[in-house]
$ cat input07.cif   # mmCIF, C-alpha atoms
data_model
loop_
_atom_site.label_atom_id
_atom_site.label_comp_id
_atom_site.auth_asym_id
_atom_site.auth_seq_id
_atom_site.Cartn_x
_atom_site.Cartn_y
_atom_site.Cartn_z
CA MET A 21 141.21 106.72 105.56
CA GLU A 22 137.85 107.94 106.77
CA LEU A 23 134.76 107.48 104.64
CA VAL A 24 132.88 110.64 103.71
CA ARG A 25 129.86 111.27 105.88
CA ASP A 26 127.10 113.64 104.93
CA GLU A 27 127.14 116.88 106.88
CA GLN A 28 123.38 117.32 106.58
CA PRO A 29 121.36 115.28 109.08
CA PRO A 30 118.78 112.93 107.58
CA PRO A 31 115.11 113.99 107.80
CA ALA A 32 113.50 113.59 111.20
CA GLU A 33 111.18 110.83 109.99
CA ALA A 34 114.09 108.76 108.69
CA MET A 35 116.06 109.46 111.88
CA ALA A 36 113.19 108.09 113.95
CA VAL A 37 113.14 104.94 111.86
CA ALA A 38 116.89 104.39 112.27
CA ALA A 39 116.67 104.90 116.00
CA ASP A 40 113.65 102.69 116.63
CA ASP A 41 113.42 98.95 117.04
CA GLY A 42 113.53 96.47 114.16
CA THR A 43 109.77 95.93 114.02
CA LYS A 44 108.99 99.59 113.41
CA GLN A 45 111.83 99.86 110.90
CA GLN A 46 110.46 96.90 109.01
CA GLU A 47 106.98 98.44 108.84
CA LEU A 48 108.23 101.84 107.68
CA SER A 49 110.87 100.82 105.12
CA ARG A 50 108.66 101.66 102.17
CA VAL A 51 111.43 101.28 99.59
CA VAL A 52 113.96 98.45 99.81
CA CYS A 53 117.07 98.62 97.62
CA PHE A 54 119.12 95.55 96.74
CA GLY A 55 122.62 95.33 95.29
CA GLU A 56 126.15 96.62 95.66
CA LEU A 57 127.58 98.77 98.43
CA ILE A 58 131.20 99.67 97.71
CA VAL A 59 133.84 102.30 98.47
CA ASP A 60 134.13 105.11 95.92
CA PHE A 61 137.50 106.83 95.80
CA VAL A 62 136.76 110.33 94.47
CA PRO A 63 139.72 112.40 93.20
CA LEU A 64 140.69 115.48 95.16
CA VAL A 65 141.47 117.44 92.00
CA GLY A 66 139.80 115.89 88.94
CA GLY A 67 140.56 116.38 85.27
CA LEU A 68 143.64 114.14 85.51
CA PRO A 69 144.35 110.48 84.71
CA VAL A 70 143.87 108.31 87.80
CA PHE A 71 147.59 107.64 88.19
CA GLU A 72 148.36 111.38 88.20
CA GLU A 73 145.77 112.35 90.82
CA PRO A 74 147.46 113.68 93.99
CA GLY A 75 144.93 111.97 96.22
CA PHE A 76 141.46 110.50 96.68
CA LYS A 77 138.71 110.81 99.26
CA ALA A 78 136.91 107.62 100.26
CA GLY A 79 133.13 107.64 100.25
CA ALA A 80 130.22 105.22 100.20
CA GLY A 81 129.04 104.18 96.75
CA GLY A 82 127.07 101.63 94.78
CA ALA A 83 123.95 102.72 92.92
CA PRO A 84 121.29 100.86 94.98
CA ALA A 85 122.87 102.10 98.22
CA ASN A 86 122.95 105.65 96.88
CA VAL A 87 119.26 105.40 96.02
CA ALA A 88 118.40 104.20 99.53
CA VAL A 89 120.22 107.16 101.08
CA GLY A 90 118.66 109.56 98.58
CA ILE A 91 115.17 108.38 99.47
CA CYS A 92 115.82 108.76 103.19
CA LYS A 93 117.16 112.29 102.65
CA LEU A 94 113.89 113.09 100.90
CA GLY A 95 111.94 112.00 103.96
CA VAL A 96 110.79 108.49 103.01
CA PRO A 97 112.10 105.50 105.03
CA ALA A 98 114.20 103.09 102.99
CA ALA A 99 116.22 99.94 103.60
CA PHE A 100 119.24 98.37 101.92
CA ILE A 101 120.00 94.69 101.35
CA GLY A 102 123.47 93.64 100.27
CA LYS A 103 126.83 92.29 101.35
CA VAL A 104 130.15 93.87 102.28
CA GLY A 105 133.40 92.55 103.65
CA ASP A 106 133.82 92.00 107.37
CA ASP A 107 136.56 94.62 107.24
CA GLU A 108 137.02 98.26 108.17
CA PHE A 109 135.60 99.47 104.87
CA GLY A 110 132.52 97.27 105.13
CA HIS A 111 131.61 98.37 108.62
CA ALA A 112 132.28 102.01 107.75
CA LEU A 113 129.93 101.74 104.76
CA ALA A 114 127.16 100.24 106.88
CA ASN A 115 127.61 103.07 109.38
CA VAL A 116 127.36 105.71 106.64
CA LEU A 117 124.01 104.27 105.54
CA LYS A 118 122.78 104.04 109.12
CA GLU A 119 123.83 107.63 109.87
CA ASN A 120 121.79 108.73 106.87
CA GLY A 121 118.66 107.01 108.15
CA VAL A 122 118.78 103.83 106.05
CA GLU A 123 117.57 100.59 107.65
CA THR A 124 120.65 98.35 107.53
CA ARG A 125 119.58 95.07 109.08
CA GLY A 126 119.58 93.52 105.60
CA ILE A 127 123.35 94.02 105.26
CA ARG A 128 125.52 90.91 105.60
CA PHE A 129 129.28 90.80 106.34
CA ASP A 130 131.60 88.31 104.60
CA SER A 131 134.69 87.25 106.53
CA HIS A 132 136.31 85.68 103.45
CA ALA A 133 135.99 88.46 100.87
CA ARG A 134 136.88 92.13 100.85
CA THR A 135 134.59 95.09 100.30
CA GLY A 136 134.51 96.25 96.66
CA LEU A 137 136.40 99.38 95.62
CA ALA A 138 136.01 101.83 92.75
CA PHE A 139 138.47 104.57 91.77
CA ILE A 140 136.79 107.42 89.92
CA SER A 141 138.44 109.67 87.37
CA LEU A 142 136.71 112.98 86.69
CA ARG A 143 136.96 114.78 83.36
CA SER A 144 136.90 118.55 83.16
CA ASP A 145 133.19 118.47 82.21
CA GLY A 146 132.28 116.42 85.31
CA GLU A 147 131.84 113.11 83.48
CA ARG A 148 133.69 110.17 84.99
CA THR A 149 135.27 106.79 84.38
CA PHE A 150 135.66 103.94 86.87
CA ILE A 151 138.34 101.43 87.81
CA PHE A 152 136.80 98.61 89.86
CA TYR A 153 138.44 96.16 92.29
CA ARG A 154 136.08 93.22 92.91
CA ASN A 155 137.63 89.85 92.11
CA PRO A 156 135.40 88.76 93.72
CA SER A 157 134.27 91.34 96.25
CA ALA A 158 131.81 90.60 99.03
CA ASP A 159 128.82 92.11 97.19
CA MET A 160 129.16 89.36 94.55
CA LEU A 161 128.91 86.56 97.12
CA MET A 162 125.54 87.08 98.79
CA VAL A 163 123.46 83.89 98.79
CA PRO A 164 119.65 83.55 98.82
CA GLU A 165 119.62 82.26 102.40
CA GLU A 166 121.01 85.62 103.55
CA LEU A 167 118.02 87.62 102.26
CA ASP A 168 115.81 89.36 104.82
CA HIS A 169 112.38 88.24 103.59
CA ASP A 170 110.46 90.45 106.02
CA LEU A 171 112.11 93.61 104.72
CA ILE A 172 111.20 92.72 101.14
CA ILE A 173 107.59 91.64 101.62
CA ASN A 174 106.75 94.66 103.77
CA ALA A 175 108.07 97.16 101.21
CA LYS A 176 105.98 99.11 98.72
CA ILE A 177 108.78 99.23 96.12
CA PHE A 178 111.74 96.87 95.65
CA HIS A 179 114.56 98.54 93.70
CA TYR A 180 117.61 96.94 92.06
CA GLY A 181 120.19 97.30 89.28
CA SER A 182 121.96 94.88 86.96
CA ILE A 183 125.46 94.63 88.45
CA SER A 184 124.18 91.97 90.86
CA LEU A 185 123.35 89.81 87.80
CA ILE A 186 126.96 89.52 86.64
CA ALA A 187 128.11 86.54 88.72
CA GLU A 188 126.88 83.74 90.95
CA PRO A 189 125.84 83.39 93.69
CA CYS A 190 124.62 86.98 93.75
CA ARG A 191 122.68 86.52 90.50
CA SER A 192 120.53 83.76 92.02
CA THR A 193 120.06 85.87 95.15
CA HIS A 194 118.91 88.80 93.04
CA LEU A 195 116.37 86.64 91.18
CA GLU A 196 115.10 85.14 94.45
CA ALA A 197 114.65 88.60 95.96
CA MET A 198 112.63 89.70 92.92
CA LYS A 199 110.48 86.58 93.23
CA ILE A 200 109.78 87.23 96.91
CA ALA A 201 108.85 90.84 96.18
CA LYS A 202 106.62 90.01 93.22
CA GLU A 203 104.73 87.30 95.11
CA ALA A 204 104.11 89.80 97.92
CA GLY A 205 102.66 92.36 95.50
CA VAL A 206 105.62 94.74 95.86
CA LEU A 207 106.33 96.99 92.88
CA LEU A 208 109.61 96.20 91.11
CA SER A 209 111.88 99.12 90.17
CA TYR A 210 114.85 98.58 87.83
CA ASP A 211 117.78 100.84 86.90
CA PRO A 212 120.28 98.74 84.90
CA ASN A 213 123.09 101.25 85.58
CA LEU A 214 125.32 99.68 82.94
CA ARG A 215 129.00 99.40 83.81
CA LEU A 216 130.23 97.58 80.74
CA GLN A 217 133.77 96.98 81.99
CA LEU A 218 132.40 94.69 84.72
CA TRP A 219 130.72 92.32 82.24
CA PRO A 220 132.47 89.49 80.35
CA SER A 221 131.25 90.95 77.04
CA PRO A 222 128.72 93.46 75.67
CA GLU A 223 126.58 90.55 74.45
CA GLU A 224 126.45 89.03 77.93
CA ALA A 225 125.56 92.40 79.47
CA ARG A 226 122.73 92.94 77.01
CA LYS A 227 121.37 89.41 77.46
CA GLU A 228 121.37 89.50 81.25
CA ILE A 229 120.00 93.03 81.55
CA MET A 230 117.11 92.15 79.24
CA SER A 231 116.54 88.76 80.92
CA ILE A 232 114.62 90.45 83.77
CA TRP A 233 113.29 93.42 81.81
CA SER A 234 109.73 92.14 81.52
CA GLU A 235 109.38 91.64 85.28
CA ALA A 236 109.84 95.30 86.23
CA ASN A 237 106.99 97.74 86.87
CA ILE A 238 109.19 100.85 86.85
CA ILE A 239 112.34 101.17 84.73
CA LYS A 240 114.82 104.01 84.46
CA VAL A 241 117.50 104.00 81.76
CA SER A 242 119.72 106.60 80.14
CA ALA A 243 119.52 107.39 76.44
CA ASP A 244 122.87 105.78 75.75
CA GLU A 245 121.73 102.64 77.59
CA VAL A 246 118.69 102.53 75.30
CA ARG A 247 120.98 102.60 72.27
CA PHE A 248 123.14 99.89 73.78
CA LEU A 249 120.22 97.60 74.62
CA ILE A 250 118.58 97.81 71.20
CA ALA A 251 121.89 97.51 69.30
CA THR A 252 122.94 94.39 67.45
CA SER A 253 126.03 92.57 68.67
CA SER A 254 128.03 93.97 65.75
CA THR A 255 127.47 97.53 66.97
CA ALA A 256 127.65 96.82 70.71
CA SER A 257 131.11 98.17 71.38
CA SER A 258 130.49 101.43 69.54
CA ASP A 259 127.17 102.04 71.25
CA ALA A 260 128.33 101.19 74.78
CA THR A 261 127.94 103.75 77.53
CA ASP A 262 131.67 103.76 78.22
CA ASN A 263 132.10 106.01 75.18
CA ASN A 264 131.71 109.28 77.06
CA ASN A 265 132.20 111.41 73.95
CA LYS A 266 128.70 110.60 72.71
CA VAL A 267 125.53 112.43 73.69
CA PHE A 268 122.37 110.88 72.29
CA LYS A 269 118.94 112.29 71.70
CA VAL A 270 116.88 109.14 71.88
CA GLU A 271 113.94 108.70 69.51
CA TYR A 272 110.54 107.56 70.78
CA GLU A 273 110.55 104.78 68.17
CA GLU A 274 113.76 103.39 69.67
CA VAL A 275 112.26 103.33 73.16
CA GLU A 276 109.20 101.47 71.88
CA LEU A 277 111.48 98.49 71.24
CA LEU A 278 111.92 98.32 75.03
CA THR A 279 108.28 98.91 75.99
CA SER A 280 106.83 96.52 73.43
CA SER A 281 105.72 93.03 74.42
CA SER A 282 106.12 91.75 70.87
CA ASP A 283 108.92 91.75 68.31
CA HIS A 284 106.30 92.15 65.61
CA ASP A 285 104.19 94.94 67.13
CA ALA A 286 106.08 97.94 68.47
CA LYS A 287 102.86 99.50 69.76
CA SER A 288 102.06 96.61 72.11
CA TRP A 289 102.92 97.17 75.77
CA ARG A 290 104.70 94.93 78.26
CA PRO A 291 102.00 93.83 80.75
CA ASN A 292 104.01 94.48 83.94
CA LEU A 293 105.50 97.81 82.87
CA LYS A 294 103.81 100.87 84.39
CA LEU A 295 106.48 103.51 83.73
CA LEU A 296 109.66 103.76 81.66
CA LEU A 297 111.89 106.79 82.18
CA VAL A 298 114.74 107.69 79.83
CA THR A 299 117.18 110.33 81.05
CA ASP A 300 118.65 112.06 78.00
CA GLY A 301 121.18 114.60 79.25
CA PRO A 302 120.49 118.11 77.90
CA HIS A 303 117.48 116.79 75.99
CA GLY A 304 115.50 116.17 79.18
CA CYS A 305 113.79 113.11 80.60
CA HIS A 306 111.33 111.15 78.46
CA TYR A 307 108.48 109.31 80.18
CA PHE A 308 106.40 106.45 78.79
CA THR A 309 103.31 104.81 80.27
CA PRO A 310 100.61 102.65 78.64
CA ARG A 311 98.45 105.81 78.39
CA PHE A 312 100.79 108.67 77.52
CA LYS A 313 104.35 109.74 76.77
CA GLY A 314 106.27 112.99 76.78
CA THR A 315 109.38 114.88 77.83
CA VAL A 316 110.25 117.05 80.83
CA ALA A 317 113.02 119.59 80.24
CA THR A 318 116.41 119.39 81.91
CA LEU A 319 117.30 121.91 84.61
CA LYS A 320 120.46 123.79 83.61
CA VAL A 321 123.08 123.93 86.38
CA PRO A 322 126.90 124.10 86.49
CA VAL A 323 128.32 120.56 86.40
CA VAL A 324 131.05 119.61 88.87
CA ASP A 325 130.68 115.82 89.18
CA THR A 326 128.01 113.60 87.59
CA THR A 327 128.60 110.76 90.08
CA GLY A 328 125.29 109.82 91.71
CA ALA A 329 123.11 112.03 89.49
CA GLY A 330 121.14 109.11 88.09
CA ASP A 331 120.74 107.64 91.57
CA ALA A 332 119.45 110.99 92.86
CA PHE A 333 116.94 111.04 90.00
CA VAL A 334 115.76 107.52 90.87
CA ALA A 335 115.47 108.46 94.55
CA GLY A 336 113.37 111.46 93.58
CA ILE A 337 110.92 109.60 91.37
CA LEU A 338 110.55 106.63 93.74
CA THR A 339 109.90 109.02 96.63
CA LYS A 340 107.01 110.51 94.68
CA LEU A 341 105.65 107.16 93.48
CA VAL A 342 105.74 105.46 96.88
CA GLN A 343 103.78 108.38 98.32
CA ASP A 344 101.13 108.22 95.59
CA ILE A 345 101.26 105.58 92.86
CA SER A 346 98.09 107.02 91.29
CA LEU A 347 100.13 109.81 89.70
CA LEU A 348 100.91 107.27 86.97
CA GLU A 349 97.34 107.84 85.78
CA ASP A 350 97.63 111.64 85.69
CA GLU A 351 100.09 113.02 83.15
CA LYS A 352 100.34 116.49 84.69
CA ARG A 353 101.15 115.10 88.13
CA LEU A 354 103.63 112.64 86.63
CA GLN A 355 105.36 115.54 84.87
CA GLU A 356 105.65 117.33 88.21
CA ALA A 357 107.17 114.21 89.79
CA VAL A 358 109.70 113.87 86.96
CA ARG A 359 110.58 117.55 87.30
CA PHE A 360 111.17 116.95 91.03
CA ALA A 361 113.43 114.00 90.15
CA ASN A 362 115.25 116.12 87.55
CA ALA A 363 115.94 118.70 90.28
CA CYS A 364 117.36 115.98 92.55
CA GLY A 365 119.79 114.97 89.83
CA ALA A 366 120.64 118.57 88.94
CA ILE A 367 121.60 119.44 92.52
CA THR A 368 123.78 116.35 92.78
CA VAL A 369 125.95 117.26 89.77
CA THR A 370 126.85 120.61 91.36
CA ARG A 371 128.71 118.83 94.19
CA ARG A 372 131.51 116.28 94.52
CA GLY A 373 130.81 112.65 95.34
CA ALA A 374 127.56 110.69 95.43
CA ILE A 375 126.04 110.43 98.92
CA PRO A 376 127.35 113.81 100.17
CA ALA A 377 125.78 115.43 97.09
CA LEU A 378 122.30 113.90 97.45
CA PRO A 379 119.77 116.63 98.33
CA ASP A 380 117.00 116.88 100.89
CA THR A 381 113.46 117.94 99.98
CA GLU A 382 113.88 121.56 101.05
CA THR A 383 116.92 122.00 98.79
CA VAL A 384 115.03 120.48 95.85
CA LEU A 385 111.97 122.68 96.38
CA ASN A 386 114.14 125.77 96.71
CA LEU A 387 115.75 125.06 93.34
CA LEU A 388 112.38 124.52 91.70
CA ARG A 389 111.11 127.82 93.16
CA GLU A 390 114.19 129.68 91.94
CA ILE A 391 113.76 128.28 88.44
CA ALA A 392 110.05 129.13 88.45
CA ILE A 393 110.88 132.76 89.32
CA THR A 394 113.47 133.10 86.54
CA ASP A 395 111.38 131.33 83.85
#
$ encode --input "input07.cif" --output "structure tokens"
Amino acid sequence: MELVRDEQPPPAEAMAVAADDGTKQQELSRVVCFGELIVDFVPLVGGLPVFEEPGFKAGAGGAPANVAVGICKLGVPAAFIGKVGDDEFGHALANVLKENGVETRGIRFDSHARTGLAFISLRSDGERTFIFYRNPSADMLMVPEELDHDLIINAKIFHYGSISLIAEPCRSTHLEAMKIAKEAGVLLSYDPNLRLQLWPSPEEARKEIMSIWSEANIIKVSADEVRFLIATSSTASSDATDNNNKVFKVEYEEVELLTSSSDHDAKSWRPNLKLLLVTDGPHGCHYFTPRFKGTVATLKVPVVDTTGAGDAFVAGILTKLVQDISLLEDEKRLQEAVRFANACGAITVTRRGAIPALPDTETVLNLLREIAITD
């Protein structure tokens, strides 16, 4: 089975990085993403239970890997650090990233474990559920000694999720990578990307996700993840993101529980946190900084498949931030950056799959121009 490859060529700048020698790649990989790289099996039809699907198409997946590809498609060089199996799937995944302009010298191959797999079931509204095969998969087995320190310390932004916190030795590797980045003055970007079925329990997921919360400079969460993270253990199962029938409109007061540095003062601000973004479905994206907060409206598009939408959003906002971090001090410019990221996510949901659906800059700008004309 052949892995899906994007038909659009990566931007010329990213192509040059992928084709050049390691030294130049290292210098230009402005965003480095760490975590899982797995095979997504996307249904050919959708709207059916997994067992009733007539077939699946294999494609590259894993949120941090999707973000790396998304950033490269938007014209900013990015690298990926993670581990796959020394098998046909693993090498195919590495090739997909390389073909999309991602620096891949941080990828390691495990000869004793297989590449992780995820079967995706699509509902009629484009929402999806996952069945994972990783017991353990290679991405869970990366050790600190396998980290490429040079890639990390030469980045501007180091991005990661929470799935790599679930099990050792990858958890220790994740923490070590964050330490290396922080000591080098690299900004830390965090998208928990909760997949509750992978965790031993909701309580464990909440504890581990929040264990590194205060270290991050940039955090993106969904509204339902906010509700999950601030819930008590007695309400954890009902508030979990696996309940796809719920659509939340998050309240600013709820988010302040995640931005606050004190349990007793909700208005205090975590010292490392520069930006918290909460994607809230049809209610838009809420942004929070130490100086201001607000909401940018959602772009209305027909939904085919929501896989990769959040990763496209993260790629969009990190692309803007790595080009000019000072926009965090200017609310109007930050709103424009969030609108750009919203457009990245909106385009992605109109197409099947994750990486094949990630847009380039021209496509994003065209959508924004079309919306501006019709508004």
$ closest_residue --input "input07.cif" --among "A:Gly205, A:Gly136, A:Gly328, A:Pro379" --to "Gly105 of chain A" --atoms "only C-alpha atoms"
A:Gly136
$ resolve_selection --input "input07.cif" --expression "the PyMOL selection byres ((chain A and resi 76-79) around 9)" --output "MDAnalysis selection string"
chainID A and resid 21:25 58:65 73:75 80:81 113 116 139:140 373:376
$ atom_distance --input "input07.cif" --atom1 "atom CA of Ile250 of chain A" --atom2 "atom CA of Val358 of chain A"
24.2 Å
$ closest_residue --input "input07.cif" --among "A:Ser192, A:Asn292, A:Asn86, A:Thr381" --to "Ala329 of chain A" --atoms "all atoms listed in the file"
A:Asn86
$ resolve_selection --input "input07.cif" --expression "the PyMOL selection byres ((chain A and resi 87) around 8)" --output "number ranges by chain"
A: 53, 83-86, 88-91, 331-332, 334-335
$ closest_atom_pairs --input "input07.cif" --of "segment 342-376 of chain A" --to "segment 389-393 of chain A" --cutoff "12 Å" --atoms "only C-alpha atoms" --output "CSV"
residue,atom,partner,partner_atom,distance
A:Arg359,CA,A:Ile391,CA,11.2
A:Phe360,CA,A:Arg389,CA,11.1
A:Ala363,CA,A:Ile391,CA,10.0
A:Ala366,CA,A:Ile391,CA,11.9
$ write_last_selection --input "input07.cif" --atoms "C-alpha atoms" --output "PDB file, in the coordinates of the input"
ATOM      1  CA  ARG A 359     110.580 117.550  87.300  1.00  0.00           C
ATOM      2  CA  PHE A 360     111.170 116.950  91.030  1.00  0.00           C
ATOM      3  CA  ALA A 363     115.940 118.700  90.280  1.00  0.00           C
ATOM      4  CA  ALA A 366     120.640 118.570  88.940  1.00  0.00           C
TER       5      ALA A 366
END
$ atom_distance --input "input07.cif" --atom1 "atom CA of Asn120 of chain A" --atom2 "atom CA of His169 of chain A"
22.8 Å
$ residues_near_point --input "input07.cif" --point "(111.7, 98.7, 102.5)" --cutoff "10 Å" --atoms "all atoms listed in the file" --output "JSON, numbers by chain"
{"A": [45, 46, 47, 48, 49, 50, 51, 52, 53, 54, 88, 96, 97, 98, 99, 100, 101, 122, 123, 126, 170, 171, 172, 173, 174, 175, 176, 177, 178, 179, 206]}
$ closest_residue --input "input07.cif" --among "A:His306, A:Arg125, A:Lys294, A:Lys118" --to "Leu341 of chain A" --atoms "all atoms listed in the file"
A:Lys294
$ closest_residue --input "input07.cif" --among "A:Glu196, A:Glu119, A:Glu274, A:Glu188" --to "Asp168 of chain A" --atoms "all atoms listed in the file"
A:Glu196
$ atom_distance --input "input07.cif" --atom1 "atom CA of Lys227 of chain A" --atom2 "atom CA of Lys313 of chain A"
26.5 Å
$ axis_aligned_box --input "input07.cif" --around "segment 154-167 of chain A" --padding-each-side "4 Å" --output "JSON"
{"center_x": 127.8, "center_y": 87.7, "center_z": 97.8, "size_x": 27.6, "size_y": 19.0, "size_z": 19.4}
$ closest_atom_pairs --input "input07.cif" --of "segment 342-379 of chain A" --to "segment 146-156 of chain A" --cutoff "10 Å" --atoms "only C-alpha atoms" --output "tab-separated table"
residue	atom	partner	partner_atom	distance
A:Val369	CA	A:Gly146	CA	7.8
A:Thr370	CA	A:Gly146	CA	9.1
A:Arg371	CA	A:Gly146	CA	9.9
A:Arg372	CA	A:Gly146	CA	9.2
$ write_last_selection --input "input07.cif" --atoms "C-alpha atoms" --output "PDB file, in the coordinates of the input"
ATOM      1  CA  VAL A 369     125.950 117.260  89.770  1.00  0.00           C
ATOM      2  CA  THR A 370     126.850 120.610  91.360  1.00  0.00           C
ATOM      3  CA  ARG A 371     128.710 118.830  94.190  1.00  0.00           C
ATOM      4  CA  ARG A 372     131.510 116.280  94.520  1.00  0.00           C
TER       5      ARG A 372
END
$ resolve_selection --input "input07.cif" --expression "the PyMOL selection byres ((chain A and resi 159-165) around 7)" --output "ChimeraX atom specification"
/A:56-57,102-104,156-158,166-167,184,187,189-190,192-193,196
$ closest_residue --input "input07.cif" --among "A:Gln217, A:Ser182, A:Thr318, A:Ser234" --to "Ser281 of chain A" --atoms "all atoms listed in the file"
A:Ser234
$ build_atoms --input "input07.cif" --residues "segment 198-212 of chain A" --atoms "N, CA, C and O atoms" --output "compact mmCIF listing (two decimals), keeping the file's coordinate frame"
# COMPACT_ATOMS: atom_id res chain seq x y z
N MET A 198 113.70 89.22 93.81
CA MET A 198 112.63 89.70 92.92
C MET A 198 111.39 88.81 93.04
O MET A 198 110.26 89.32 93.07
N LYS A 199 111.60 87.52 93.11
CA LYS A 199 110.48 86.58 93.23
C LYS A 199 109.70 86.81 94.52
O LYS A 199 108.46 86.85 94.53
N ILE A 200 110.42 86.98 95.62
CA ILE A 200 109.78 87.23 96.91
C ILE A 200 108.96 88.52 96.85
O ILE A 200 107.81 88.56 97.30
N ALA A 201 109.54 89.56 96.27
CA ALA A 201 108.85 90.84 96.18
C ALA A 201 107.60 90.74 95.30
O ALA A 201 106.53 91.22 95.68
N LYS A 202 107.75 90.10 94.15
CA LYS A 202 106.62 90.01 93.22
C LYS A 202 105.47 89.22 93.83
O LYS A 202 104.30 89.62 93.71
N GLU A 203 105.79 88.12 94.50
CA GLU A 203 104.73 87.30 95.11
C GLU A 203 104.02 88.05 96.24
O GLU A 203 102.86 87.74 96.55
N ALA A 204 104.71 89.02 96.85
CA ALA A 204 104.11 89.80 97.92
C ALA A 204 103.37 91.04 97.40
O ALA A 204 102.83 91.82 98.19
N GLY A 205 103.34 91.22 96.08
CA GLY A 205 102.66 92.36 95.50
C GLY A 205 103.45 93.66 95.58
O GLY A 205 102.88 94.75 95.44
N VAL A 206 104.75 93.56 95.78
CA VAL A 206 105.62 94.74 95.86
C VAL A 206 105.98 95.18 94.44
O VAL A 206 106.29 94.35 93.58
N LEU A 207 105.94 96.48 94.18
CA LEU A 207 106.33 96.99 92.88
C LEU A 207 107.83 96.80 92.66
O LEU A 207 108.64 97.02 93.57
N LEU A 208 108.21 96.41 91.44
CA LEU A 208 109.61 96.20 91.11
C LEU A 208 110.15 97.38 90.32
O LEU A 208 109.58 97.77 89.29
N SER A 209 111.25 97.95 90.80
CA SER A 209 111.88 99.12 90.17
C SER A 209 113.28 98.73 89.71
O SER A 209 114.07 98.17 90.49
N TYR A 210 113.62 99.07 88.46
CA TYR A 210 114.85 98.58 87.83
C TYR A 210 115.61 99.73 87.18
O TYR A 210 115.06 100.45 86.34
N ASP A 211 116.86 99.92 87.58
CA ASP A 211 117.78 100.84 86.90
C ASP A 211 119.01 100.03 86.54
O ASP A 211 119.85 99.77 87.40
N PRO A 212 119.16 99.61 85.27
CA PRO A 212 120.28 98.74 84.90
C PRO A 212 121.65 99.30 85.28
O PRO A 212 122.56 98.55 85.66
